>>> print(open('entry.cif').read())   # mmCIF, N, CA and C atoms, pLDDT in the B column; chains and numbers go by the auth columns
data_data
loop_
_atom_site.group_PDB
_atom_site.id
_atom_site.type_symbol
_atom_site.label_atom_id
_atom_site.label_comp_id
_atom_site.label_asym_id
_atom_site.label_seq_id
_atom_site.Cartn_x
_atom_site.Cartn_y
_atom_site.Cartn_z
_atom_site.B_iso_or_equiv
_atom_site.auth_seq_id
_atom_site.auth_asym_id
ATOM 1 N N MET A 1 157.017 153.832 56.175 52.00 1 A
ATOM 2 C CA MET A 1 156.051 152.755 56.265 52.00 1 A
ATOM 3 C C MET A 1 154.696 153.288 55.843 52.00 1 A
ATOM 4 N N SER A 2 154.124 152.761 54.825 58.00 2 A
ATOM 5 C CA SER A 2 152.824 153.189 54.343 58.00 2 A
ATOM 6 C C SER A 2 151.816 152.082 54.583 58.00 2 A
ATOM 7 N N THR A 3 150.713 152.436 55.242 65.00 3 A
ATOM 8 C CA THR A 3 149.704 151.429 55.548 65.00 3 A
ATOM 9 C C THR A 3 148.480 151.555 54.666 65.00 3 A
ATOM 10 N N GLY A 4 148.321 152.666 53.950 81.00 4 A
ATOM 11 C CA GLY A 4 147.181 152.841 53.072 81.00 4 A
ATOM 12 C C GLY A 4 145.901 153.211 53.796 81.00 4 A
ATOM 13 N N ILE A 5 145.981 153.642 55.047 85.00 5 A
ATOM 14 C CA ILE A 5 144.803 154.048 55.809 85.00 5 A
ATOM 15 C C ILE A 5 144.502 155.505 55.484 85.00 5 A
ATOM 16 N N ILE A 6 143.238 155.792 55.228 87.00 6 A
ATOM 17 C CA ILE A 6 142.848 157.157 54.883 87.00 6 A
ATOM 18 C C ILE A 6 142.286 157.858 56.111 87.00 6 A
ATOM 19 N N VAL A 7 142.790 159.061 56.357 89.00 7 A
ATOM 20 C CA VAL A 7 142.347 159.902 57.465 89.00 7 A
ATOM 21 C C VAL A 7 141.716 161.144 56.855 89.00 7 A
ATOM 22 N N LYS A 8 140.545 161.523 57.369 91.00 8 A
ATOM 23 C CA LYS A 8 139.843 162.685 56.824 91.00 8 A
ATOM 24 C C LYS A 8 139.898 163.848 57.803 91.00 8 A
ATOM 25 N N VAL A 9 139.801 165.050 57.251 92.00 9 A
ATOM 26 C CA VAL A 9 139.685 166.260 58.058 92.00 9 A
ATOM 27 C C VAL A 9 138.213 166.660 58.038 92.00 9 A
ATOM 28 N N THR A 10 137.629 166.826 59.231 93.00 10 A
ATOM 29 C CA THR A 10 136.216 167.198 59.321 93.00 10 A
ATOM 30 C C THR A 10 136.034 168.673 58.984 93.00 10 A
ATOM 31 N N ALA A 11 134.788 169.087 58.855 94.00 11 A
ATOM 32 C CA ALA A 11 134.475 170.491 58.570 94.00 11 A
ATOM 33 C C ALA A 11 134.956 171.399 59.699 94.00 11 A
ATOM 34 N N GLN A 12 135.074 170.840 60.904 95.00 12 A
ATOM 35 C CA GLN A 12 135.559 171.608 62.054 95.00 12 A
ATOM 36 C C GLN A 12 137.085 171.643 62.119 95.00 12 A
ATOM 37 N N GLY A 13 137.760 170.985 61.181 92.00 13 A
ATOM 38 C CA GLY A 13 139.219 170.989 61.148 92.00 13 A
ATOM 39 C C GLY A 13 139.857 169.922 62.016 92.00 13 A
ATOM 40 N N HIS A 14 139.090 168.918 62.432 92.00 14 A
ATOM 41 C CA HIS A 14 139.621 167.828 63.251 92.00 14 A
ATOM 42 C C HIS A 14 139.986 166.644 62.357 92.00 14 A
ATOM 43 N N LEU A 15 140.960 165.869 62.802 90.00 15 A
ATOM 44 C CA LEU A 15 141.317 164.654 62.067 90.00 15 A
ATOM 45 C C LEU A 15 140.376 163.534 62.478 90.00 15 A
ATOM 46 N N GLU A 16 139.840 162.845 61.493 92.00 16 A
ATOM 47 C CA GLU A 16 138.977 161.694 61.729 92.00 16 A
ATOM 48 C C GLU A 16 139.838 160.451 61.507 92.00 16 A
ATOM 49 N N ILE A 17 140.345 159.891 62.610 90.00 17 A
ATOM 50 C CA ILE A 17 141.306 158.786 62.533 90.00 17 A
ATOM 51 C C ILE A 17 140.572 157.461 62.707 90.00 17 A
ATOM 52 N N PRO A 18 140.721 156.523 61.765 91.00 18 A
ATOM 53 C CA PRO A 18 140.062 155.222 61.863 91.00 18 A
ATOM 54 C C PRO A 18 140.510 154.442 63.102 91.00 18 A
ATOM 55 N N ALA A 19 139.622 153.574 63.584 91.00 19 A
ATOM 56 C CA ALA A 19 139.863 152.809 64.811 91.00 19 A
ATOM 57 C C ALA A 19 141.132 151.970 64.729 91.00 19 A
ATOM 58 N N GLU A 20 141.426 151.373 63.570 90.00 20 A
ATOM 59 C CA GLU A 20 142.617 150.512 63.472 90.00 20 A
ATOM 60 C C GLU A 20 143.906 151.310 63.660 90.00 20 A
ATOM 61 N N LEU A 21 143.873 152.581 63.287 88.00 21 A
ATOM 62 C CA LEU A 21 145.041 153.432 63.504 88.00 21 A
ATOM 63 C C LEU A 21 145.077 153.935 64.945 88.00 21 A
ATOM 64 N N LEU A 22 143.927 154.303 65.482 88.00 22 A
ATOM 65 C CA LEU A 22 143.856 154.741 66.881 88.00 22 A
ATOM 66 C C LEU A 22 144.333 153.648 67.829 88.00 22 A
ATOM 67 N N ALA A 23 144.074 152.394 67.478 90.00 23 A
ATOM 68 C CA ALA A 23 144.483 151.273 68.326 90.00 23 A
ATOM 69 C C ALA A 23 145.999 151.189 68.445 90.00 23 A
ATOM 70 N N LYS A 24 146.715 151.727 67.471 88.00 24 A
ATOM 71 C CA LYS A 24 148.180 151.689 67.502 88.00 24 A
ATOM 72 C C LYS A 24 148.777 152.862 68.273 88.00 24 A
ATOM 73 N N LEU A 25 147.971 153.883 68.552 87.00 25 A
ATOM 74 C CA LEU A 25 148.433 155.034 69.321 87.00 25 A
ATOM 75 C C LEU A 25 148.182 154.776 70.802 87.00 25 A
ATOM 76 N N GLN A 26 149.131 155.161 71.634 86.00 26 A
ATOM 77 C CA GLN A 26 148.999 154.916 73.065 86.00 26 A
ATOM 78 C C GLN A 26 148.245 156.058 73.730 86.00 26 A
ATOM 79 N N PRO A 27 147.246 155.731 74.562 86.00 27 A
ATOM 80 C CA PRO A 27 146.499 156.778 75.256 86.00 27 A
ATOM 81 C C PRO A 27 147.426 157.651 76.106 86.00 27 A
ATOM 82 N N LEU A 28 147.181 158.931 76.099 88.00 28 A
ATOM 83 C CA LEU A 28 147.920 159.943 76.858 88.00 28 A
ATOM 84 C C LEU A 28 149.359 160.145 76.386 88.00 28 A
ATOM 85 N N ALA A 29 149.780 159.410 75.367 88.00 29 A
ATOM 86 C CA ALA A 29 151.132 159.606 74.833 88.00 29 A
ATOM 87 C C ALA A 29 151.153 160.901 74.031 88.00 29 A
ATOM 88 N N GLU A 30 152.324 161.510 73.970 90.00 30 A
ATOM 89 C CA GLU A 30 152.486 162.734 73.193 90.00 30 A
ATOM 90 C C GLU A 30 153.250 162.410 71.916 90.00 30 A
ATOM 91 N N TYR A 31 152.870 163.091 70.836 91.00 31 A
ATOM 92 C CA TYR A 31 153.483 162.858 69.540 91.00 31 A
ATOM 93 C C TYR A 31 153.968 164.177 68.954 91.00 31 A
ATOM 94 N N GLU A 32 155.146 164.135 68.371 92.00 32 A
ATOM 95 C CA GLU A 32 155.669 165.284 67.637 92.00 32 A
ATOM 96 C C GLU A 32 155.130 165.182 66.215 92.00 32 A
ATOM 97 N N VAL A 33 154.610 166.270 65.701 92.00 33 A
ATOM 98 C CA VAL A 33 154.028 166.267 64.365 92.00 33 A
ATOM 99 C C VAL A 33 154.917 167.085 63.435 92.00 33 A
ATOM 100 N N SER A 34 155.338 166.459 62.332 94.00 34 A
ATOM 101 C CA SER A 34 156.162 167.139 61.328 94.00 34 A
ATOM 102 C C SER A 34 155.342 167.290 60.054 94.00 34 A
ATOM 103 N N LEU A 35 155.414 168.459 59.470 91.00 35 A
ATOM 104 C CA LEU A 35 154.691 168.718 58.224 91.00 35 A
ATOM 105 C C LEU A 35 155.683 168.926 57.092 91.00 35 A
ATOM 106 N N ASN A 36 155.469 168.221 55.995 90.00 36 A
ATOM 107 C CA ASN A 36 156.226 168.427 54.770 90.00 36 A
ATOM 108 C C ASN A 36 155.228 168.850 53.699 90.00 36 A
ATOM 109 N N GLU A 37 155.678 168.976 52.476 88.00 37 A
ATOM 110 C CA GLU A 37 154.776 169.414 51.407 88.00 37 A
ATOM 111 C C GLU A 37 153.545 168.529 51.273 88.00 37 A
ATOM 112 N N ASP A 38 153.748 167.214 51.261 87.00 38 A
ATOM 113 C CA ASP A 38 152.622 166.318 51.013 87.00 38 A
ATOM 114 C C ASP A 38 152.460 165.224 52.062 87.00 38 A
ATOM 115 N N GLU A 39 153.022 165.439 53.253 88.00 39 A
ATOM 116 C CA GLU A 39 152.855 164.422 54.290 88.00 39 A
ATOM 117 C C GLU A 39 152.878 165.035 55.682 88.00 39 A
ATOM 118 N N ILE A 40 152.208 164.333 56.590 88.00 40 A
ATOM 119 C CA ILE A 40 152.207 164.680 58.009 88.00 40 A
ATOM 120 C C ILE A 40 152.713 163.448 58.739 88.00 40 A
ATOM 121 N N VAL A 41 153.732 163.615 59.575 89.00 41 A
ATOM 122 C CA VAL A 41 154.346 162.487 60.271 89.00 41 A
ATOM 123 C C VAL A 41 154.168 162.662 61.773 89.00 41 A
ATOM 124 N N PHE A 42 153.650 161.628 62.428 88.00 42 A
ATOM 125 C CA PHE A 42 153.521 161.606 63.880 88.00 42 A
ATOM 126 C C PHE A 42 154.652 160.760 64.445 88.00 42 A
ATOM 127 N N LYS A 43 155.451 161.324 65.344 91.00 43 A
ATOM 128 C CA LYS A 43 156.529 160.585 66.009 91.00 43 A
ATOM 129 C C LYS A 43 156.265 160.620 67.502 91.00 43 A
ATOM 130 N N LYS A 44 156.224 159.443 68.112 90.00 44 A
ATOM 131 C CA LYS A 44 155.976 159.376 69.547 90.00 44 A
ATOM 132 C C LYS A 44 157.159 159.985 70.294 90.00 44 A
ATOM 133 N N ILE A 45 156.850 160.807 71.272 91.00 45 A
ATOM 134 C CA ILE A 45 157.888 161.403 72.104 91.00 45 A
ATOM 135 C C ILE A 45 158.188 160.420 73.223 91.00 45 A
ATOM 136 N N ARG A 46 159.419 159.987 73.291 87.00 46 A
ATOM 137 C CA ARG A 46 159.817 159.028 74.325 87.00 46 A
ATOM 138 C C ARG A 46 160.236 159.774 75.574 87.00 46 A
ATOM 139 N N GLU A 47 159.759 159.278 76.696 84.00 47 A
ATOM 140 C CA GLU A 47 160.133 159.900 77.959 84.00 47 A
ATOM 141 C C GLU A 47 161.563 159.504 78.300 84.00 47 A
ATOM 142 N N PRO A 48 162.338 160.432 78.859 87.00 48 A
ATOM 143 C CA PRO A 48 163.713 160.099 79.227 87.00 48 A
ATOM 144 C C PRO A 48 163.737 159.035 80.323 87.00 48 A
ATOM 145 N N ILE A 49 164.745 158.190 80.256 88.00 49 A
ATOM 146 C CA ILE A 49 164.867 157.151 81.277 88.00 49 A
ATOM 147 C C ILE A 49 165.808 157.627 82.376 88.00 49 A
ATOM 148 N N THR A 50 165.655 157.031 83.546 92.00 50 A
ATOM 149 C CA THR A 50 166.522 157.380 84.668 92.00 50 A
ATOM 150 C C THR A 50 167.842 156.634 84.537 92.00 50 A
ATOM 151 N N LEU A 51 168.832 157.069 85.301 94.00 51 A
ATOM 152 C CA LEU A 51 170.130 156.396 85.299 94.00 51 A
ATOM 153 C C LEU A 51 169.971 154.951 85.757 94.00 51 A
ATOM 154 N N LYS A 52 169.112 154.736 86.731 94.00 52 A
ATOM 155 C CA LYS A 52 168.872 153.379 87.239 94.00 52 A
ATOM 156 C C LYS A 52 168.306 152.488 86.129 94.00 52 A
ATOM 157 N N GLU A 53 167.346 153.014 85.345 92.00 53 A
ATOM 158 C CA GLU A 53 166.770 152.244 84.245 92.00 53 A
ATOM 159 C C GLU A 53 167.816 151.956 83.169 92.00 53 A
ATOM 160 N N LEU A 54 168.670 152.933 82.892 91.00 54 A
ATOM 161 C CA LEU A 54 169.731 152.742 81.905 91.00 54 A
ATOM 162 C C LEU A 54 170.683 151.640 82.346 91.00 54 A
ATOM 163 N N ARG A 55 171.100 151.695 83.608 93.00 55 A
ATOM 164 C CA ARG A 55 172.000 150.650 84.125 93.00 55 A
ATOM 165 C C ARG A 55 171.352 149.282 84.033 93.00 55 A
ATOM 166 N N GLN A 56 170.054 149.209 84.349 94.00 56 A
ATOM 167 C CA GLN A 56 169.350 147.931 84.289 94.00 56 A
ATOM 168 C C GLN A 56 169.336 147.397 82.857 94.00 56 A
ATOM 169 N N ARG A 57 169.083 148.275 81.887 90.00 57 A
ATOM 170 C CA ARG A 57 169.072 147.846 80.484 90.00 57 A
ATOM 171 C C ARG A 57 170.444 147.352 80.045 90.00 57 A
ATOM 172 N N VAL A 58 171.490 148.058 80.461 91.00 58 A
ATOM 173 C CA VAL A 58 172.856 147.655 80.108 91.00 58 A
ATOM 174 C C VAL A 58 173.170 146.299 80.726 91.00 58 A
ATOM 175 N N ASN A 59 172.803 146.109 81.982 92.00 59 A
ATOM 176 C CA ASN A 59 173.056 144.834 82.654 92.00 59 A
ATOM 177 C C ASN A 59 172.296 143.694 81.988 92.00 59 A
ATOM 178 N N GLU A 60 171.080 143.964 81.532 93.00 60 A
ATOM 179 C CA GLU A 60 170.292 142.932 80.862 93.00 60 A
ATOM 180 C C GLU A 60 170.931 142.510 79.541 93.00 60 A
ATOM 181 N N LEU A 61 171.626 143.434 78.887 91.00 61 A
ATOM 182 C CA LEU A 61 172.293 143.107 77.624 91.00 61 A
ATOM 183 C C LEU A 61 173.464 142.154 77.827 91.00 61 A
ATOM 184 N N GLY A 62 174.090 142.233 78.993 90.00 62 A
ATOM 185 C CA GLY A 62 175.242 141.383 79.262 90.00 62 A
ATOM 186 C C GLY A 62 176.499 141.945 78.626 90.00 62 A
ATOM 187 N N PRO A 63 177.609 141.232 78.781 88.00 63 A
ATOM 188 C CA PRO A 63 178.880 141.718 78.239 88.00 63 A
ATOM 189 C C PRO A 63 178.883 141.677 76.708 88.00 63 A
ATOM 190 N N ASP A 64 179.642 142.597 76.128 89.00 64 A
ATOM 191 C CA ASP A 64 179.787 142.664 74.678 89.00 64 A
ATOM 192 C C ASP A 64 180.774 141.589 74.243 89.00 64 A
ATOM 193 N N PRO A 65 180.334 140.624 73.435 88.00 65 A
ATOM 194 C CA PRO A 65 181.240 139.548 73.021 88.00 65 A
ATOM 195 C C PRO A 65 182.373 140.036 72.123 88.00 65 A
ATOM 196 N N ASP A 66 182.203 141.201 71.505 91.00 66 A
ATOM 197 C CA ASP A 66 183.233 141.740 70.616 91.00 66 A
ATOM 198 C C ASP A 66 184.191 142.683 71.325 91.00 66 A
ATOM 199 N N GLN A 67 183.967 142.937 72.602 92.00 67 A
ATOM 200 C CA GLN A 67 184.836 143.856 73.342 92.00 67 A
ATOM 201 C C GLN A 67 186.205 143.212 73.547 92.00 67 A
ATOM 202 N N PRO A 68 187.266 143.946 73.195 93.00 68 A
ATOM 203 C CA PRO A 68 188.604 143.365 73.367 93.00 68 A
ATOM 204 C C PRO A 68 188.960 143.233 74.850 93.00 68 A
ATOM 205 N N THR A 69 189.813 142.267 75.133 92.00 69 A
ATOM 206 C CA THR A 69 190.281 142.074 76.506 92.00 69 A
ATOM 207 C C THR A 69 191.313 143.148 76.832 92.00 69 A
ATOM 208 N N LEU A 70 191.664 143.274 78.101 94.00 70 A
ATOM 209 C CA LEU A 70 192.687 144.238 78.504 94.00 70 A
ATOM 210 C C LEU A 70 194.019 143.932 77.837 94.00 70 A
ATOM 211 N N GLU A 71 194.319 142.645 77.691 96.00 71 A
ATOM 212 C CA GLU A 71 195.565 142.254 77.037 96.00 71 A
ATOM 213 C C GLU A 71 195.571 142.705 75.574 96.00 71 A
ATOM 214 N N GLU A 72 194.435 142.528 74.888 95.00 72 A
ATOM 215 C CA GLU A 72 194.349 142.945 73.489 95.00 72 A
ATOM 216 C C GLU A 72 194.471 144.466 73.367 95.00 72 A
ATOM 217 N N ILE A 73 193.845 145.190 74.279 96.00 73 A
ATOM 218 C CA ILE A 73 193.943 146.652 74.268 96.00 73 A
ATOM 219 C C ILE A 73 195.386 147.083 74.501 96.00 73 A
ATOM 220 N N SER A 74 196.052 146.446 75.458 97.00 74 A
ATOM 221 C CA SER A 74 197.454 146.766 75.736 97.00 74 A
ATOM 222 C C SER A 74 198.322 146.519 74.513 97.00 74 A
ATOM 223 N N GLN A 75 198.084 145.430 73.828 97.00 75 A
ATOM 224 C CA GLN A 75 198.853 145.095 72.629 97.00 75 A
ATOM 225 C C GLN A 75 198.629 146.142 71.538 97.00 75 A
ATOM 226 N N ILE A 76 197.389 146.562 71.355 96.00 76 A
ATOM 227 C CA ILE A 76 197.080 147.589 70.350 96.00 76 A
ATOM 228 C C ILE A 76 197.789 148.893 70.691 96.00 76 A
ATOM 229 N N VAL A 77 197.761 149.280 71.969 97.00 77 A
ATOM 230 C CA VAL A 77 198.424 150.514 72.404 97.00 77 A
ATOM 231 C C VAL A 77 199.923 150.427 72.141 97.00 77 A
ATOM 232 N N LYS A 78 200.532 149.287 72.451 96.00 78 A
ATOM 233 C CA LYS A 78 201.968 149.101 72.206 96.00 78 A
ATOM 234 C C LYS A 78 202.285 149.249 70.725 96.00 78 A
ATOM 235 N N GLU A 79 201.464 148.623 69.876 96.00 79 A
ATOM 236 C CA GLU A 79 201.699 148.685 68.435 96.00 79 A
ATOM 237 C C GLU A 79 201.583 150.116 67.915 96.00 79 A
ATOM 238 N N VAL A 80 200.587 150.842 68.383 96.00 80 A
ATOM 239 C CA VAL A 80 200.405 152.228 67.936 96.00 80 A
ATOM 240 C C VAL A 80 201.572 153.085 68.401 96.00 80 A
ATOM 241 N N ARG A 81 202.003 152.886 69.638 96.00 81 A
ATOM 242 C CA ARG A 81 203.149 153.652 70.151 96.00 81 A
ATOM 243 C C ARG A 81 204.403 153.366 69.335 96.00 81 A
ATOM 244 N N GLN A 82 204.621 152.090 68.992 95.00 82 A
ATOM 245 C CA GLN A 82 205.788 151.729 68.197 95.00 82 A
ATOM 246 C C GLN A 82 205.722 152.388 66.818 95.00 82 A
ATOM 247 N N GLU A 83 204.540 152.407 66.224 93.00 83 A
ATOM 248 C CA GLU A 83 204.375 153.050 64.919 93.00 83 A
ATOM 249 C C GLU A 83 204.662 154.544 65.016 93.00 83 A
ATOM 250 N N LEU A 84 204.168 155.179 66.073 92.00 84 A
ATOM 251 C CA LEU A 84 204.397 156.612 66.248 92.00 84 A
ATOM 252 C C LEU A 84 205.874 156.914 66.469 92.00 84 A
ATOM 253 N N TRP A 85 206.562 156.089 67.258 93.00 85 A
ATOM 254 C CA TRP A 85 207.992 156.294 67.496 93.00 85 A
ATOM 255 C C TRP A 85 208.798 156.036 66.231 93.00 85 A
ATOM 256 N N ALA A 86 208.344 155.088 65.414 91.00 86 A
ATOM 257 C CA ALA A 86 209.062 154.774 64.175 91.00 86 A
ATOM 258 C C ALA A 86 208.966 155.925 63.174 91.00 86 A
ATOM 259 N N GLU A 87 207.879 156.697 63.230 85.00 87 A
ATOM 260 C CA GLU A 87 207.688 157.818 62.311 85.00 87 A
ATOM 261 C C GLU A 87 208.578 159.000 62.662 85.00 87 A
ATOM 262 N N LYS A 88 209.022 159.110 63.900 75.00 88 A
ATOM 263 C CA LYS A 88 209.822 160.269 64.329 75.00 88 A
ATOM 264 C C LYS A 88 211.247 160.174 63.906 75.00 88 A
#
>>> encode(input="entry.cif", output="structure tokens")
Amino acid sequence: MSTGIIVKVTAQGHLEIPAELLAKLQPLAEYEVSLNEDEIVFKKIREPITLKELRQRVNELGPDPDQPTLEEISQIVKEVRQELWAEK
């Protein structure tokens, strides 16, 4: 994603980041910085979530509409077993 915003390096070696870009960065957030030949990439470090938060997110998503039923799974297992026995 290129936004065309220019960032300058001061004589003291600090980055002079324009306000519109600073507004998109979260205060006190930590960022991983990657350097390539001609680019510097800032990636926000996401804090790990707790098991409770993960369960809550999964519950909010609801059931998977594409998940096969137990009957469908049983049928698939039977078919695979029959194929394996037929090969022997």
>>> resolve_selection(input="entry.cif", expression="the PyMOL selection byres (((chain A and resi 42 and name CA) around 8) and name CA)", output="PDB file with N, CA and C atoms, keeping the file's coordinate frame")
ATOM      1  N   TYR A  31     152.870 163.091  70.836  1.00 91.00           N
ATOM      2  CA  TYR A  31     153.483 162.858  69.540  1.00 91.00           C
ATOM      3  C   TYR A  31     153.968 164.177  68.954  1.00 91.00           C
ATOM      4  N   GLU A  32     155.146 164.135  68.371  1.00 92.00           N
ATOM      5  CA  GLU A  32     155.669 165.284  67.637  1.00 92.00           C
ATOM      6  C   GLU A  32     155.130 165.182  66.215  1.00 92.00           C
ATOM      7  N   VAL A  33     154.610 166.270  65.701  1.00 92.00           N
ATOM      8  CA  VAL A  33     154.028 166.267  64.365  1.00 92.00           C
ATOM      9  C   VAL A  33     154.917 167.085  63.435  1.00 92.00           C
ATOM     10  N   SER A  34     155.338 166.459  62.332  1.00 94.00           N
ATOM     11  CA  SER A  34     156.162 167.139  61.328  1.00 94.00           C
ATOM     12  C   SER A  34     155.342 167.290  60.054  1.00 94.00           C
ATOM     13  N   ILE A  40     152.208 164.333  56.590  1.00 88.00           N
ATOM     14  CA  ILE A  40     152.207 164.680  58.009  1.00 88.00           C
ATOM     15  C   ILE A  40     152.713 163.448  58.739  1.00 88.00           C
ATOM     16  N   VAL A  41     153.732 163.615  59.575  1.00 89.00           N
ATOM     17  CA  VAL A  41     154.346 162.487  60.271  1.00 89.00           C
ATOM     18  C   VAL A  41     154.168 162.662  61.773  1.00 89.00           C
ATOM     19  N   LYS A  43     155.451 161.324  65.344  1.00 91.00           N
ATOM     20  CA  LYS A  43     156.529 160.585  66.009  1.00 91.00           C
ATOM     21  C   LYS A  43     156.265 160.620  67.502  1.00 91.00           C
ATOM     22  N   LYS A  44     156.224 159.443  68.112  1.00 90.00           N
ATOM     23  CA  LYS A  44     155.976 159.376  69.547  1.00 90.00           C
ATOM     24  C   LYS A  44     157.159 159.985  70.294  1.00 90.00           C
TER      25      LYS A  44
END
>>> atom_distance(input="entry.cif", atom1="atom N of A:Glu47", atom2="atom N of A:Glu30")
8.2 Å
>>> select_by_dssp(input="entry.cif", residues="chain A", states="helix (DSSP H, G or I)", output="MDAnalysis selection string")
chainID A and resid 19:22 51:61 70:87
>>> residues_around(input="entry.cif", residues="A:Pro18", least_positions_apart="6", cutoff="7 Å", atoms="all atoms listed in the file", output="PDB file with N, CA and C atoms, in the coordinates of the input")
ATOM      1  N   ILE A   6     143.238 155.792  55.228  1.00 87.00           N
ATOM      2  CA  ILE A   6     142.848 157.157  54.883  1.00 87.00           C
ATOM      3  C   ILE A   6     142.286 157.858  56.111  1.00 87.00           C
ATOM      4  N   VAL A   7     142.790 159.061  56.357  1.00 89.00           N
ATOM      5  CA  VAL A   7     142.347 159.902  57.465  1.00 89.00           C
ATOM      6  C   VAL A   7     141.716 161.144  56.855  1.00 89.00           C
ATOM      7  N   LYS A   8     140.545 161.523  57.369  1.00 91.00           N
ATOM      8  CA  LYS A   8     139.843 162.685  56.824  1.00 91.00           C
ATOM      9  C   LYS A   8     139.898 163.848  57.803  1.00 91.00           C
TER      10      LYS A   8
END
>>> atom_distance(input="entry.cif", atom1="atom CA of A:Glu16", atom2="atom CA of A:Gly4")
14.9 Å
>>> atom_distance(input="entry.cif", atom1="atom C of A:Lys88", atom2="atom N of A:Ile73")
25.2 Å
>>> axis_aligned_box(input="entry.cif", around="stretch 17-25 of chain A", padding_each_side="6 Å", output="AutoDock Vina command-line options")
--center_x 144.2 --center_y 155.2 --center_z 66.3 --size_x 21.2 --size_y 21.4 --size_z 21.0
>>> decode(input="entry.cif", residues="stretch 28-82 of chain A", atoms="C-alpha atoms", output="tab-separated table (two decimals), in the first residue's frame")
chain	number	residue	atom	x	y	z
A	28	LEU	CA	2.31	3.35	22.92
A	29	ALA	CA	1.96	0.61	20.29
A	30	GLU	CA	5.10	-1.23	19.27
A	31	TYR	CA	6.09	-1.73	15.65
A	32	GLU	CA	8.49	-4.17	14.03
A	33	VAL	CA	10.69	-2.39	11.50
A	34	SER	CA	11.97	-4.25	8.43
A	35	LEU	CA	14.64	-2.80	6.18
A	36	ASN	CA	15.08	-3.75	2.54
A	37	GLU	CA	17.27	-2.14	-0.12
A	38	ASP	CA	14.90	0.73	-0.86
A	39	GLU	CA	12.12	0.52	1.72
A	40	ILE	CA	11.41	0.59	5.44
A	41	VAL	CA	8.28	-1.24	6.60
A	42	PHE	CA	6.56	-0.71	9.96
A	43	LYS	CA	4.40	-3.64	11.13
A	44	LYS	CA	2.34	-3.29	14.28
A	45	ILE	CA	3.12	-5.96	16.85
A	46	ARG	CA	-0.12	-7.54	17.97
A	47	GLU	CA	-0.43	-8.53	21.57
A	48	PRO	CA	-1.31	-12.19	22.13
A	49	ILE	CA	-4.89	-12.86	23.09
A	50	THR	CA	-5.99	-14.96	26.04
A	51	LEU	CA	-7.79	-18.27	25.69
A	52	LYS	CA	-10.94	-16.60	27.00
A	53	GLU	CA	-10.72	-13.90	24.29
A	54	LEU	CA	-10.15	-16.56	21.62
A	55	ARG	CA	-13.20	-18.53	22.75
A	56	GLN	CA	-15.28	-15.35	22.73
A	57	ARG	CA	-14.19	-14.56	19.16
A	58	VAL	CA	-15.00	-18.10	18.01
A	59	ASN	CA	-18.42	-17.95	19.67
A	60	GLU	CA	-19.14	-14.59	18.03
A	61	LEU	CA	-18.42	-16.13	14.61
A	62	GLY	CA	-21.09	-18.77	15.15
A	63	PRO	CA	-21.18	-22.21	13.56
A	64	ASP	CA	-19.44	-22.84	10.25
A	65	PRO	CA	-22.15	-23.26	7.60
A	66	ASP	CA	-19.79	-25.39	5.50
A	67	GLN	CA	-18.91	-27.80	8.30
A	68	PRO	CA	-20.11	-31.31	7.47
A	69	THR	CA	-22.56	-33.03	9.79
A	70	LEU	CA	-21.59	-36.12	11.76
A	71	GLU	CA	-23.58	-38.22	9.31
A	72	GLU	CA	-21.66	-36.74	6.36
A	73	ILE	CA	-18.34	-37.35	8.12
A	74	SER	CA	-19.34	-40.95	8.85
A	75	GLN	CA	-20.27	-41.48	5.21
A	76	ILE	CA	-16.92	-40.07	4.03
A	77	VAL	CA	-15.05	-42.34	6.46
A	78	LYS	CA	-17.00	-45.38	5.22
A	79	GLU	CA	-16.24	-44.52	1.60
A	80	VAL	CA	-12.52	-44.07	2.28
A	81	ARG	CA	-12.37	-47.34	4.21
A	82	GLN	CA	-14.11	-49.16	1.35
